[in-house]
Structure formats: structure tokens, C-alpha cells
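**Q** Structure: target-v5.txt, compact mmCIF, C-alpha atoms.
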# COMPACT_ATOMS: atom_id res chain seq x y z
CA MET A 9 94.47 103.55 -57.47
CA THR A 10 93.46 99.90 -57.45
CA GLU A 11 90.02 98.73 -56.35
CA ARG A 12 91.68 97.00 -53.41
CA ASP A 13 93.43 100.22 -52.32
CA LEU A 14 90.17 102.16 -52.59
CA ALA A 15 88.35 99.49 -50.55
CA VAL A 16 91.04 99.62 -47.88
CA GLN A 17 90.85 103.43 -47.68
CA LEU A 18 87.04 103.42 -47.48
CA THR A 19 87.04 100.67 -44.84
CA ALA A 20 89.64 102.52 -42.80
CA GLN A 21 87.55 105.69 -42.94
CA GLU A 22 84.33 103.79 -42.18
CA THR A 23 85.77 101.88 -39.22
CA GLU A 24 88.13 104.65 -38.07
CA GLN A 25 91.09 102.24 -38.19
CA SER A 26 94.49 102.57 -39.75
CA PRO A 27 94.67 100.99 -43.23
CA SER A 28 97.69 98.95 -42.10
CA ASP A 29 95.57 97.38 -39.31
CA LEU A 30 92.94 96.01 -41.71
CA THR A 31 92.77 92.41 -42.85
CA GLU A 32 91.42 91.26 -46.20
CA GLU A 33 88.28 90.10 -44.42
CA ASP A 34 87.74 93.64 -43.10
CA TYR A 35 87.59 95.30 -46.52
CA GLN A 36 86.38 92.41 -48.70
CA GLN A 37 82.67 93.36 -48.54
CA ILE A 38 83.33 96.99 -49.45
CA GLN A 39 85.59 95.87 -52.32
CA MET A 40 82.80 93.67 -53.69
CA THR A 41 80.28 96.51 -53.34
CA LEU A 42 82.64 98.86 -55.15
CA TYR A 43 83.26 96.38 -57.95
CA HIS A 44 79.64 95.43 -58.58
CA TYR A 45 77.75 98.56 -57.60
CA CYS A 46 79.57 101.86 -57.01
CA LEU A 47 82.34 101.86 -59.61
CA PRO A 48 80.06 100.90 -62.52
CA LYS A 49 77.86 103.88 -61.63
CA LEU A 50 80.82 106.26 -61.44
CA GLU A 51 82.13 104.86 -64.71
CA ALA A 52 78.71 105.27 -66.37
CA THR A 53 78.68 108.96 -65.42
CA GLY A 54 82.15 109.38 -66.91
CA TRP A 55 83.85 110.31 -63.65
CA ILE A 56 86.26 107.36 -63.66
CA GLU A 57 87.71 104.75 -65.98
CA ARG A 58 88.55 101.26 -64.81
CA GLN A 59 91.69 99.98 -66.45
CA PRO A 60 93.95 96.96 -65.75
CA GLU A 61 96.32 99.17 -63.73
CA GLY A 62 93.48 100.53 -61.58
CA ILE A 63 90.87 103.25 -61.32
CA ILE A 64 91.68 106.48 -63.13
CA ALA A 65 89.79 109.75 -62.70
CA THR A 66 88.70 111.32 -65.97
CA GLU A 67 89.51 114.88 -67.01
CA ARG A 68 86.06 116.02 -65.90
CA LEU A 69 87.06 115.71 -62.24
CA PHE A 70 89.86 118.25 -62.43
CA PHE A 71 89.31 121.95 -61.86
CA GLU A 72 92.29 124.03 -62.90
CA GLN A 73 92.90 127.19 -60.86
CA THR A 74 89.58 126.77 -59.10
CA GLU A 75 89.33 126.03 -55.43
CA LEU A 76 87.03 123.07 -55.03
CA SER A 77 84.77 123.12 -51.99
CA LEU A 78 81.91 120.80 -51.31
CA PRO A 79 78.48 122.36 -50.89
CA ASP A 80 76.81 122.71 -47.53
CA ILE A 81 74.75 119.64 -46.62
CA ASP A 82 71.61 121.82 -46.67
CA ASP A 83 72.18 122.85 -50.31
CA PRO A 84 69.22 121.28 -52.13
CA ASP A 85 70.84 121.44 -55.56
CA LEU A 86 74.03 119.44 -55.10
CA PRO A 87 74.47 116.79 -52.41
CA SER A 88 77.61 116.86 -50.32
CA TRP A 89 79.99 113.95 -50.80
CA GLU A 90 80.51 113.84 -47.05
CA ALA A 91 76.88 112.84 -46.59
CA LEU A 92 76.84 110.61 -49.67
CA ALA A 93 79.87 108.57 -48.59
CA PRO A 94 78.02 106.55 -45.93
CA LEU A 95 75.20 105.87 -48.40
CA LEU A 96 77.58 104.73 -51.12
CA ALA A 97 79.81 102.74 -48.76
CA ARG A 98 76.88 100.55 -47.71
CA PRO A 99 74.08 100.39 -50.31
CA ARG A 100 71.69 99.06 -47.67
CA ARG A 101 71.82 102.51 -46.06
CA GLN A 102 70.16 103.91 -49.17
CA HIS A 103 67.17 101.68 -48.43
CA VAL A 104 67.22 102.70 -44.75
CA ALA A 105 67.34 106.38 -45.74
CA SER A 106 64.42 105.90 -48.16
CA ILE A 107 62.25 104.33 -45.49
CA ILE A 108 63.07 107.07 -42.97
CA ALA A 109 62.40 109.78 -45.59
CA ASP A 110 58.96 108.29 -46.30
CA TYR A 111 57.85 108.88 -42.69
CA ASN A 112 56.39 112.32 -41.95
CA GLN A 113 57.29 111.98 -38.28
CA SER A 114 59.78 110.19 -36.07
CA LEU A 115 59.86 106.43 -36.12
CA THR A 116 61.23 103.89 -33.72
CA LEU A 117 64.07 101.48 -34.31
CA ASP A 118 61.53 98.62 -34.16
CA GLU A 119 59.33 100.29 -36.79
CA LEU A 120 62.34 100.73 -39.07
CA GLY A 121 63.34 97.09 -38.53
CA THR A 122 59.83 95.92 -39.38
CA ALA A 123 59.75 98.07 -42.52
CA LEU A 124 63.09 96.64 -43.63
CA THR A 125 62.20 92.99 -42.98
CA THR A 126 58.81 93.27 -44.69
CA SER A 127 60.27 94.84 -47.82
CA ASP A 128 61.64 92.75 -50.66
CA HIS A 129 65.08 94.33 -50.27
CA THR A 130 67.75 91.66 -49.73
CA THR A 131 70.88 93.79 -49.32
CA TRP A 132 70.97 93.10 -45.58
CA GLU A 133 71.42 89.38 -45.99
CA ALA A 134 73.95 89.81 -48.80
CA GLU A 135 76.15 92.21 -46.80
CA ASP A 136 75.95 90.46 -43.45
CA GLY A 137 75.97 86.90 -44.81
CA GLY A 138 73.02 86.09 -42.55
CA ASN A 139 75.31 86.18 -39.49
CA GLU A 140 74.89 88.02 -36.23
CA PRO A 141 74.74 90.92 -35.36
CA THR A 142 71.01 91.11 -35.94
CA LEU A 143 69.40 93.76 -38.07
CA LEU A 144 68.36 95.94 -35.11
CA VAL A 145 71.78 95.73 -33.48
CA THR A 146 73.50 96.65 -36.75
CA LEU A 147 71.13 99.57 -37.29
CA HIS A 148 71.53 100.78 -33.69
CA HIS A 149 75.32 100.55 -33.46
CA VAL A 150 76.50 101.11 -37.02
CA ASP A 151 74.12 102.46 -39.66
CA LEU A 152 71.99 104.97 -37.75
CA PRO A 153 74.97 106.58 -35.97
CA LYS A 154 76.72 106.96 -39.37
CA LEU A 155 73.66 108.64 -40.89
CA GLU A 156 73.37 110.90 -37.84
CA GLU A 157 77.09 111.78 -37.99
CA VAL A 158 76.67 113.30 -41.46
CA GLY A 159 73.48 115.16 -40.55
CA LEU A 160 70.90 113.11 -42.46
CA ILE A 161 68.97 111.96 -39.40
CA GLU A 162 68.76 112.54 -35.68
CA TYR A 163 68.97 109.31 -33.70
CA ASP A 164 68.14 109.16 -30.01
CA SER A 165 69.95 105.97 -29.02
CA ASP A 166 68.38 105.93 -25.55
CA GLU A 167 64.79 106.25 -26.77
CA LYS A 168 65.64 104.45 -30.05
CA THR A 169 63.80 107.03 -32.14
CA ILE A 170 64.81 108.34 -35.56
CA THR A 171 63.92 111.76 -36.93
CA GLN A 172 64.84 112.78 -40.45
CA GLN A 173 66.69 116.03 -41.05
CA ARG A 174 65.47 118.27 -43.84
CA SER A 175 68.42 117.33 -46.07
CA LEU A 176 67.52 113.61 -46.04
CA ARG A 177 64.80 113.91 -48.71
CA THR A 178 67.24 115.75 -51.00
CA PHE A 179 69.77 112.92 -50.75
CA VAL A 180 67.17 110.19 -51.21
CA ASP A 181 65.78 111.96 -54.27
CA TRP A 182 69.29 112.43 -55.67
CA MET A 183 70.08 108.72 -55.16
CA ASP A 184 66.77 107.69 -56.74
CA ASN A 185 67.38 109.96 -59.74
CA SER A 186 70.92 108.63 -60.08
CA SER A 187 69.65 105.04 -60.04
CA SER A 188 66.93 105.83 -62.60
CA THR A 189 69.46 107.48 -64.90
CA ASN A 190 71.78 104.47 -64.67
CA GLU A 191 68.92 102.02 -65.32
CA VAL A 192 68.01 103.92 -68.49
CA THR A 193 71.69 103.94 -69.51
CA ASP A 194 72.02 100.20 -68.77
CA THR A 195 68.95 99.28 -70.84
CA ASN A 196 70.19 101.36 -73.77
CA SER A 197 73.62 99.67 -73.79
Using the file provided, produce a representation of the structure as C-alpha cells.
**A**
Amino acid sequence: MTERDLAVQLTAQETEQSPSDLTEEDYQQIQMTLYHYCLPKLEATGWIERQPEGIIATERLFFEQTELSLPDIDDPDLPSWEALAPLLARPRRQHVASIIADYNQSLTLDELGTALTTSDHTTWEAEDGGNEPTLLVTLHHVDLPKLEEVGLIEYDSDEKTITQQRSLRTFVDWMDNSSSTNEVTDTNS
């Protein structure tokens, strides 16, 4: 599969549109995120190889005569890909999830927005190009509903309050450990 084809498929899944209805502008941001962020991590773990003809899964991904089923989202040992997909599709959601996981109680949309804008994390500007919709609108209509859909948070859109689910900390820890492992690998290269 080419990086473009993967970006189109992820964008279609993310936006719930048909791949044939997408324009290059629709999937361009996800393709750049894949190229610079996600695929290098998957390649570093040995799960894929990037070759001129496209992305190729390595032998380690195949399970002969074994039925592959993803673990339950509450399984603390191995995160579910269903819940990881929204975090990997938009790296800024990893930062959002980290902030929510650091709160011991519910927080408001405004508190989350303040925490994001006072941090030194610049993924928001890079992904949105500094254009509208604003940070709070994007969180309210896109990112928080996606995280709620996969069971990582509970978002009351009327009250604009966010409550973490018990699986959120597991996913944040897994992402942090994955990033630390890749940083060590990158510095040793």
C-alpha cells in the first residue's frame, strides 16, 4: 500500500466519508503526519518496511492459523488498536489525552483549552495552519467526541466537561513508553 492510499483510507475512516469523495486537500495533513511521525515509529519497531513501491508489513505481523482478535479496551497490558487509531491519526490528541489523564477529576473544555495554550506544544498550529476553527471548537466538535467514541473519555457536550475513563492512563502510559523507546533508538542510530 502506498502512503497516499493509507492516508486516504485513514481520512475516510476519520471523517466517515467514502475514499472516492476525498480530495487531496482532505488527506494531505494525515499523509504528512504518517510520513514524518507514524510510519517512522512503525518502521523502527519492525512492523513495516517503507520501500519505493509502498509500505510493506513485515513477517512479524502475520499469525498463521491463529485467529487474531484485539484485546478489550480495559486490558491494561496491551492497548487496543481501535482506541489507539484516533491518537495516532492526530498526534495532537496524544497531548490532549495526556493533559486529561493528569487531572484526578473532571475538567472543563475551557480548562483543557487553557492547559493546551499554556503548554509549549505546537502541534495544534502545525495541523490547523493557524486557521479557524478555533482550538475550543475543534476540541468540542472533533477531538473530544473521537476520544469518547473509543472509550478513553466521557465528554458531556452540553456541560462541556471531560471525565477520563480508567483505560485512558493505560493508553497515555503506553504512548509515552513508545515515544521514550523511539527516542532512545533514534539517539543510538
**Q** Got a sec: who's within 8 Å of Thr19 in chain A, counting all atoms listed in the file, leaving out chain neighbours fewer than 5 positions off, as a ChimeraX atom specification?
**A** /A:24-25,27,34-35,38
**Q** Using all atoms listed in the file, which residue out of A:Pro94, A:Pro99, A:Gly159, A:Pro48 lies closest to Thr171 in chain A?
**A**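 Between A:Pro94, A:Pro99, A:Gly159, A:Pro48, the residue approaching Thr171 in chain A most closely is A:Gly159.
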**Q** So what do you get for CA of Leu155 in chain A versus CA of Ile64 in chain A, distance-wise?
**A** 28.7 Å
**Q** Rounded to one decimal in Å, what is the spacing between CA of Ser175 in chain A and CA of Arg101 in chain A?
**A**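 According to the coordinates, CA of Ser175 in chain A and CA of Arg101 in chain A are separated by 15.2 Å.
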**Q** Quick one: everything within 12 Å of Asp166 in chain A, counting only C-alpha atoms, minus sequence neighbours fewer than 4 positions away in the same chain. Send it as a ChimeraX atom specification.
**A** /A:116-117,148-149,170
